[in-house]
Every structure is written in C-alpha cells, then in structure tokens.
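Enquirer: This is the content of coords.cif (mmCIF, C-alpha atoms and all ligand atoms):
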data_query
loop_
_atom_site.label_atom_id
_atom_site.label_comp_id
_atom_site.auth_asym_id
_atom_site.auth_seq_id
_atom_site.Cartn_x
_atom_site.Cartn_y
_atom_site.Cartn_z
CA MET A 150 79.84 68.10 93.46
CA LYS A 151 79.32 71.40 95.33
CA ASP A 152 80.63 74.46 93.50
CA ILE A 153 83.67 76.19 95.00
CA PHE A 154 82.80 79.13 97.28
CA LYS A 155 82.95 82.32 95.22
CA ILE A 156 83.77 85.82 96.43
CA ALA A 157 83.89 89.34 95.01
CA VAL A 158 86.44 91.73 96.56
CA LEU A 159 85.80 95.49 96.57
CA VAL A 160 88.84 97.79 96.80
CA SER A 161 89.74 101.50 96.86
CA GLY A 162 93.43 101.53 97.69
CA GLY A 163 96.73 99.65 97.89
CA GLY A 164 95.06 96.26 98.22
CA THR A 165 97.15 94.67 100.99
CA ASN A 166 93.96 93.06 102.33
CA LEU A 167 93.18 91.73 98.83
CA GLN A 168 96.74 90.41 98.66
CA SER A 169 96.32 88.60 101.98
CA ILE A 170 93.23 86.82 100.60
CA ILE A 171 95.10 85.87 97.39
CA ASP A 172 98.01 84.53 99.47
CA ASN A 173 95.65 82.54 101.72
CA ILE A 174 93.96 80.97 98.68
CA ASN A 175 97.35 80.05 97.21
CA SER A 176 98.46 78.51 100.50
CA GLY A 177 95.28 76.41 100.68
CA TYR A 178 94.04 78.11 103.88
CA LEU A 179 91.04 79.54 102.00
CA ASN A 180 89.10 77.17 99.75
CA CYS A 181 87.42 79.78 97.58
CA SER A 182 87.86 81.69 94.34
CA ILE A 183 87.95 85.44 93.77
CA GLU A 184 85.56 85.81 90.83
CA MET A 185 86.17 89.53 90.43
CA VAL A 186 87.74 92.61 92.00
CA ILE A 187 85.70 95.80 91.79
CA SER A 188 87.18 99.23 92.49
CA ASP A 189 85.56 102.64 92.77
CA ARG A 190 88.53 104.44 91.25
CA GLU A 191 91.23 104.05 88.57
CA ASP A 192 94.97 103.58 89.08
CA ILE A 193 95.08 101.94 92.47
CA TYR A 194 97.63 99.27 93.25
CA ALA A 195 94.89 96.82 94.26
CA LEU A 196 93.93 96.59 90.55
CA LYS A 197 97.51 95.64 89.64
CA ARG A 198 97.50 92.95 92.34
CA ALA A 199 94.31 91.52 90.80
CA GLU A 200 95.67 91.67 87.23
CA ASP A 201 98.94 90.04 88.32
CA ASN A 202 96.81 87.14 89.61
CA ASN A 203 94.57 86.89 86.53
CA ILE A 204 91.52 88.08 88.46
CA LYS A 205 88.85 89.92 86.44
CA THR A 206 88.64 93.60 87.41
CA TYR A 207 85.88 96.20 87.07
CA VAL A 208 86.41 99.92 87.68
CA LEU A 209 83.20 101.76 88.60
CA ASP A 210 84.35 105.32 89.13
CA LYS A 211 82.46 106.64 92.14
CA ASN A 212 82.24 110.11 90.57
CA THR A 213 80.69 108.70 87.39
CA TYR A 214 78.22 106.34 89.06
CA GLY A 215 77.44 108.40 92.20
CA GLU A 216 74.18 107.20 93.77
CA SER A 217 73.88 104.30 91.29
CA LEU A 218 77.19 102.72 92.31
CA SER A 219 75.59 100.02 94.49
CA ASP A 220 73.09 99.07 91.74
CA GLU A 221 75.95 98.83 89.23
CA ILE A 222 77.86 96.50 91.58
CA LEU A 223 74.74 94.35 91.98
CA LYS A 224 74.55 93.85 88.20
CA ILE A 225 78.11 92.47 88.26
CA VAL A 226 77.87 90.21 91.33
CA GLU A 227 74.25 89.01 91.30
CA GLU A 228 74.06 85.21 90.97
CA LYS A 229 77.84 85.15 90.56
CA VAL A 230 79.24 85.08 94.12
CA ASP A 231 78.40 83.78 97.60
CA LEU A 232 80.10 86.57 99.57
CA ILE A 233 81.14 90.18 98.95
CA VAL A 234 84.30 91.27 100.79
CA LEU A 235 85.08 94.98 101.29
CA ALA A 236 88.87 95.18 101.56
CA GLY A 237 89.98 98.77 101.89
CA TRP A 238 86.73 99.93 100.21
CA LEU A 239 85.72 103.52 100.81
CA SER A 240 82.33 104.08 99.14
CA HIS A 241 79.02 103.66 100.99
CA LEU A 242 76.86 100.73 99.81
CA LYS A 243 73.08 100.80 100.01
CA GLY A 244 69.75 99.74 98.48
CA ASN A 245 69.05 96.46 96.65
CA LEU A 246 72.67 95.28 96.88
CA ILE A 247 72.45 95.24 100.68
CA ASP A 248 69.04 93.48 100.57
CA ARG A 249 69.99 90.84 97.97
CA PHE A 250 73.24 90.02 99.79
CA ALA A 251 71.88 90.50 103.33
CA ASN A 252 74.39 89.19 105.89
CA ASN A 253 76.74 88.18 103.04
CA ILE A 254 78.72 91.37 102.71
CA ILE A 255 81.65 91.87 105.13
CA ASN A 256 84.01 94.76 105.79
CA ILE A 257 87.36 95.16 107.56
CA HIS A 258 87.70 98.32 109.62
CA PRO A 259 91.00 99.37 111.26
CA SER A 260 89.69 99.96 114.81
CA LEU A 261 87.74 98.16 117.53
CA ILE A 262 84.22 99.22 116.47
CA PRO A 263 82.27 101.14 117.83
CA SER A 264 85.38 103.21 118.63
CA PHE A 265 86.71 105.40 115.81
CA SER A 266 84.18 104.26 113.23
CA GLY A 267 81.38 105.73 111.14
CA LYS A 268 81.24 108.63 108.71
CA GLY A 269 84.65 110.07 107.78
CA MET A 270 86.55 107.43 109.79
CA TYR A 271 88.78 105.57 107.33
CA GLY A 272 92.47 104.93 106.65
CA ILE A 273 95.06 106.88 108.65
CA LYS A 274 92.37 109.15 110.20
CA VAL A 275 91.21 106.23 112.34
CA HIS A 276 94.65 105.81 113.88
CA GLU A 277 95.16 109.56 114.33
CA LYS A 278 91.98 109.66 116.42
CA ALA A 279 93.06 106.63 118.47
CA ILE A 280 96.46 108.23 119.24
CA GLU A 281 94.81 111.59 119.99
CA TYR A 282 92.32 109.97 122.38
CA GLY A 283 95.08 108.11 124.17
CA VAL A 284 93.59 104.60 123.98
CA LYS A 285 95.85 101.81 125.29
CA VAL A 286 94.42 99.16 122.97
CA SER A 287 93.27 99.36 119.37
CA GLY A 288 92.89 96.81 116.61
CA CYS A 289 90.59 95.82 113.75
CA THR A 290 87.03 94.61 113.26
CA VAL A 291 85.42 92.43 110.61
CA HIS A 292 81.69 93.10 110.53
CA ILE A 293 78.57 92.47 108.48
CA VAL A 294 77.80 95.37 106.14
CA ASP A 295 74.32 96.81 106.60
CA SER A 296 73.00 100.11 105.19
CA GLY A 297 74.85 102.12 107.86
CA MET A 298 78.53 103.10 108.09
CA ASP A 299 80.49 100.43 110.01
CA THR A 300 77.31 99.59 111.98
CA GLY A 301 76.61 95.93 111.13
CA PRO A 302 76.97 92.97 113.55
CA ILE A 303 80.57 92.24 114.54
CA ILE A 304 82.02 88.92 113.35
CA LEU A 305 85.48 89.14 114.92
CA GLN A 306 88.00 91.57 116.33
CA ARG A 307 91.77 91.47 116.90
CA ALA A 308 93.43 93.80 119.40
CA VAL A 309 96.89 95.38 119.47
CA PRO A 310 98.62 97.46 122.18
CA VAL A 311 99.02 101.21 121.59
CA LEU A 312 102.51 102.23 122.75
CA THR A 313 103.40 105.62 124.23
CA GLU A 314 105.82 106.31 121.40
CA ASP A 315 103.33 105.27 118.70
CA THR A 316 102.47 107.56 115.82
CA ALA A 317 99.37 107.04 113.65
CA GLU A 318 101.69 105.40 111.10
CA THR A 319 103.30 102.92 113.51
CA LEU A 320 99.88 102.00 114.91
CA GLN A 321 98.45 101.61 111.37
CA LYS A 322 101.25 99.22 110.51
CA ARG A 323 100.65 97.07 113.61
CA VAL A 324 96.87 96.96 113.00
CA LEU A 325 97.27 96.12 109.30
CA VAL A 326 99.11 92.90 110.20
CA GLU A 327 96.07 91.84 112.26
CA GLU A 328 93.62 92.93 109.52
CA HIS A 329 95.22 90.47 107.13
CA VAL A 330 94.69 87.63 109.62
CA ALA A 331 91.16 88.68 110.67
CA LEU A 332 89.71 89.12 107.19
CA SER A 333 90.71 85.68 105.95
CA GLU A 334 89.60 84.08 109.24
CA ALA A 335 86.14 85.62 108.76
CA ILE A 336 85.97 84.49 105.11
CA LYS A 337 86.88 80.96 106.22
CA TYR A 338 83.92 80.95 108.64
CA PHE A 339 81.61 81.78 105.71
CA ILE A 340 83.16 79.12 103.47
CA GLU A 341 82.61 76.56 106.24
CA ASN A 342 79.08 77.88 106.89
CA LYS A 343 79.84 78.48 110.58
CA ILE A 344 78.25 81.93 110.87
CA GLU A 345 74.93 82.37 112.64
CA ILE A 346 73.45 85.83 113.24
CA ILE A 347 70.82 86.39 115.93
CA HIS A 348 69.84 90.06 116.11
CA ARG A 349 73.20 91.84 116.59
CA LYS A 350 75.01 88.75 117.85
CA VAL A 351 77.23 86.76 115.48
CA ILE A 352 77.78 83.20 116.65
CA ILE A 353 80.65 81.17 115.21
CA ASN A 354 79.50 77.55 115.30
CA SER A 355 82.26 75.00 115.77
C1 LIG B 401 93.23 99.40 105.71
O1 LIG B 401 93.56 100.06 106.92
C2 LIG B 401 91.82 98.89 105.78
O2 LIG B 401 91.41 98.51 107.08
C3 LIG B 401 91.05 100.09 105.39
O3 LIG B 401 91.76 100.56 104.26
C4 LIG B 401 93.16 100.43 104.57
C5 LIG B 401 93.93 100.00 103.34
O4 LIG B 401 93.62 98.68 103.05
N1 LIG B 401 89.66 99.76 105.15
P1 LIG B 401 94.30 97.94 101.76
O5 LIG B 401 95.79 97.95 101.97
O6 LIG B 401 93.90 98.72 100.53
O7 LIG B 401 93.73 96.55 101.78
#
What is this structure when it is put down as structure tokens?
Expert:
Amino acid sequence: MKDIFKIAVLVSGGGTNLQSIIDNINSGYLNCSIEMVISDREDIYALKRAEDNNIKTYVLDKNTYGESLSDEILKIVEEKVDLIVLAGWLSHLKGNLIDRFANNIINIHPSLIPSFSGKGMYGIKVHEKAIEYGVKVSGCTVHIVDSGMDTGPIILQRAVPVLTEDTAETLQKRVLVEEHVALSEAIKYFIENKIEIIHRKVIINS
C-alpha cells in the first residue's frame, strides 16, 4: 500500500494559502497530509491555523538562523515529505535544501511572473507596482523554487482583470482568491505525478 503523499508547508504570514490547503484536504480534493508547518518568525496567524488543525509546527526565526536557515529546514523535512510548499513564505532558500528537493519545492507568487517578481517583490508591494504600472491584467503564479528569487519554471498561472478604480488592496484581494485555487491545483498535479519538467517548460501530463 503506497504511503499517502506528504507535504511540508512554509509560512511567514497570515496563512490564508495554508488554510486553503487544509480546507482542500478536508474536502477530499487533495489526497495528502501536511506533516509539518515551518515558519521563519513567531506570532503569525499561520501558526495558529496549523495548531488549530493539530499540525506540527516549527519556528525557525530567520534572525537567529540567518544563512543556516535552509540547512535547518532540511534537517526537519529530509526523508519526511515528498513536496515542500511555500505559502506566503518570505525568506530566500538555497544550498543543499534546493538540491535535495530539486523540482519538489513550489512557491505561490501574487503576480504573473516575470512581471513584478524577484528581490523585494512580495505582499502588497507587488500589487502597488502593478497598479502604478497600469497593467490591465494581473494574477498569480505557482512555480518551481530554484536558487533564485521567483525564477524557477512556471507550473501554472491564473489571471484577474485590473480595474480602473482598483487600489493595491482591492487587487490583492482579487488575486488572493485565485492563489488559493492555483496552489492546491499545483499540489494535486504533484500528488498525481502529472508534472514533467523539460528545461524551463513544465508539462502537465493528463
Ligand atoms: C500572499 O499574497 C502570497 O501570494 C504571498 O504572501 C501573501 C500572504 O499569503 N506569498 P498568506 O495569506 O500568508 O498565505
């Protein structure tokens, strides 16, 4: 009997993306288990969401661990999970963790990468830049995490209209709805082993 698909979820904030994964497991849409939630800071609501759902949590304060943060995460997840999901995670991952889990770490970013992505582009800042630029369409991207910042192969994207009267906040709200759909859809592709990566191209096999 094959073991259930196991994931680790990394968080740095409110955890609405984590919550969407929990809800999709409870509804039966995702056939996987969240083995642990790891955060890079204390006192974030994502940790309460995990505790409320009896999910083991680890807090690795980014200021304490600094450059060794990725190695510390590897100690926790190695041989324990099939996929690492960054869900509102803000610290840069690198080194052995990226190598050992090559192509099995995914991130959700609140824009259509390569627009409004990379160093310093996270949270509300992404939407401020989109409004400032005057784009007519924005959205979210789920991508493979490599050693860069938001640079890995793109798994899927979901687009939303940007309205004339939009503020960064109203756009953020519209994109967040799509993030919650996109992230679980991507996880499902991994559970069902449908992902194939050829150079930068991600193919979703039916
Ligand atoms: C979301 O916009 C997500 O795309 C970004 O962090 C924000 C907060 O996510 N990476 P969450 O509510 O903590 O899941």
Enquirer: Set the distance at 8 Å and use all atoms listed in the file: which residues neighbour Cys181 of chain A once local chain neighbours fewer than 3 positions away are removed? I'd like the list as a list in words.
Expert: Ile153, Phe154, Lys155, Ile156, Ile174 and Ile340 of chain A
Enquirer: Let me have all residues with an atom within 10 Å of ligand LIG 401 (chain B), counting all atoms listed in the file, laid out as number ranges by chain.
Expert: A: 159-170, 193-195, 235-239, 256-260, 270-276, 288-291, 321-322, 324-329, 332
Enquirer: With all atoms listed in the file as the basis for distance, which of A:Glu281, A:Glu200, A:Asp231, A:Glu318 is at the shortest distance from Ile336 of chain A?
Expert: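 Ranked by minimum distance to Ile336 of chain A, first place goes to A:Asp231.
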Enquirer: Go through A:Glu277, A:Glu228, A:Asp172, A:Asp295 one by one, measure the shortest atom-to-atom distance of each to Gly244 of chain A using all atoms listed in the file, and give the residue with the smallest value.
Expert: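 The answer is A:Asp295, which sits nearest to Gly244 of chain A.
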Enquirer: Any idea what's packed within 9 Å of Asp220 of chain A, counting only C-alpha atoms, ignoring anything in its chain fewer than 6 positions away? Could you give it as an MDAnalysis selection string?
Expert: chainID A and resid 243:246
Enquirer: Atom CA of Leu218 of chain A and atom CA of Leu232 of chain A are how many Å apart?
Expert: 17.9 Å
Enquirer: Would you be able to write out as a PyMOL selection string which residues have an atom within 7 Å of (90.8, 78.8, 104.9) in the file's coordinates, counting only C-alpha atoms?
Expert: chain A and resi 173+177-180+333-334+337
Enquirer: With distances taken over all atoms listed in the file, which of A:Leu312, A:Glu191, A:Leu305, A:Phe339 is nearest to Val351 of chain A?
Expert: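 That would be A:Leu305, the residue with the smallest distance to Val351 of chain A.
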Enquirer: What is the distance, in Å and to one decimal place, between atom CA of Lys350 of chain A and atom CA of Ile222 of chain A?
Expert: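 According to the coordinates, atom CA of Lys350 of chain A and atom CA of Ile222 of chain A are separated by 27.5 Å.
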Enquirer: Let me make sure I understand: among A:Ser287, A:Ser296, A:Thr213, A:Thr316, which one has the smallest atom-to-atom distance to Asp248 of chain A if we use all atoms listed in the file?
Expert: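 Between A:Ser287, A:Ser296, A:Thr213, A:Thr316, the residue approaching Asp248 of chain A most closely is A:Ser296.
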Enquirer: Rounded to one decimal place, report the atom CA of Ile171 of chain A-atom CA of Val158 of chain A distance in Å.
Expert: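 A separation of 10.5 Å between them.
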Enquirer: Please list as a PyMOL selection string every residue within 9 Å of Ala279 of chain A, counting only C-alpha atoms and excluding residues in the same chain fewer than 5 positions away.
Expert: chain A and resi 260+264-265+274+284-287+311+317+320
Enquirer: List as a list in words the residues having at least one atom at most 10 Å from position (85.7, 108.2, 97.2) as given in the file, counting only C-alpha atoms.
Expert: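 Final list of nearby residues, as requested, is Ser161, Asp189, Arg190, Asp210, Lys211, Asn212, Gly215, Trp238, Leu239, Ser240 and His241 of chain A.
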Enquirer: Point out the residue among A:Gly269, A:Ala335, A:Thr313, A:Lys205 with the least atom-to-atom distance to Ile255 of chain A, counting only C-alpha atoms.
Expert: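 Closest candidate: A:Ala335.
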Enquirer: Padding 6 Å on every side, please: axis-aligned box over the listed atoms of segment 299-307 of chain A, centre and edge lengths to one decimal in Å, as JSON.
Expert:
{"center_x": 84.2, "center_y": 94.7, "center_z": 113.5, "size_x": 27.2, "size_y": 23.5, "size_z": 18.9}
Enquirer: Using all atoms listed in the file, find the one residue out of A:Gly267, A:Ile183, A:Lys197, A:Val208 that sits nearest to Val234 of chain A.
Expert: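 For Val234 of chain A, the nearest of the given residues is A:Ile183.
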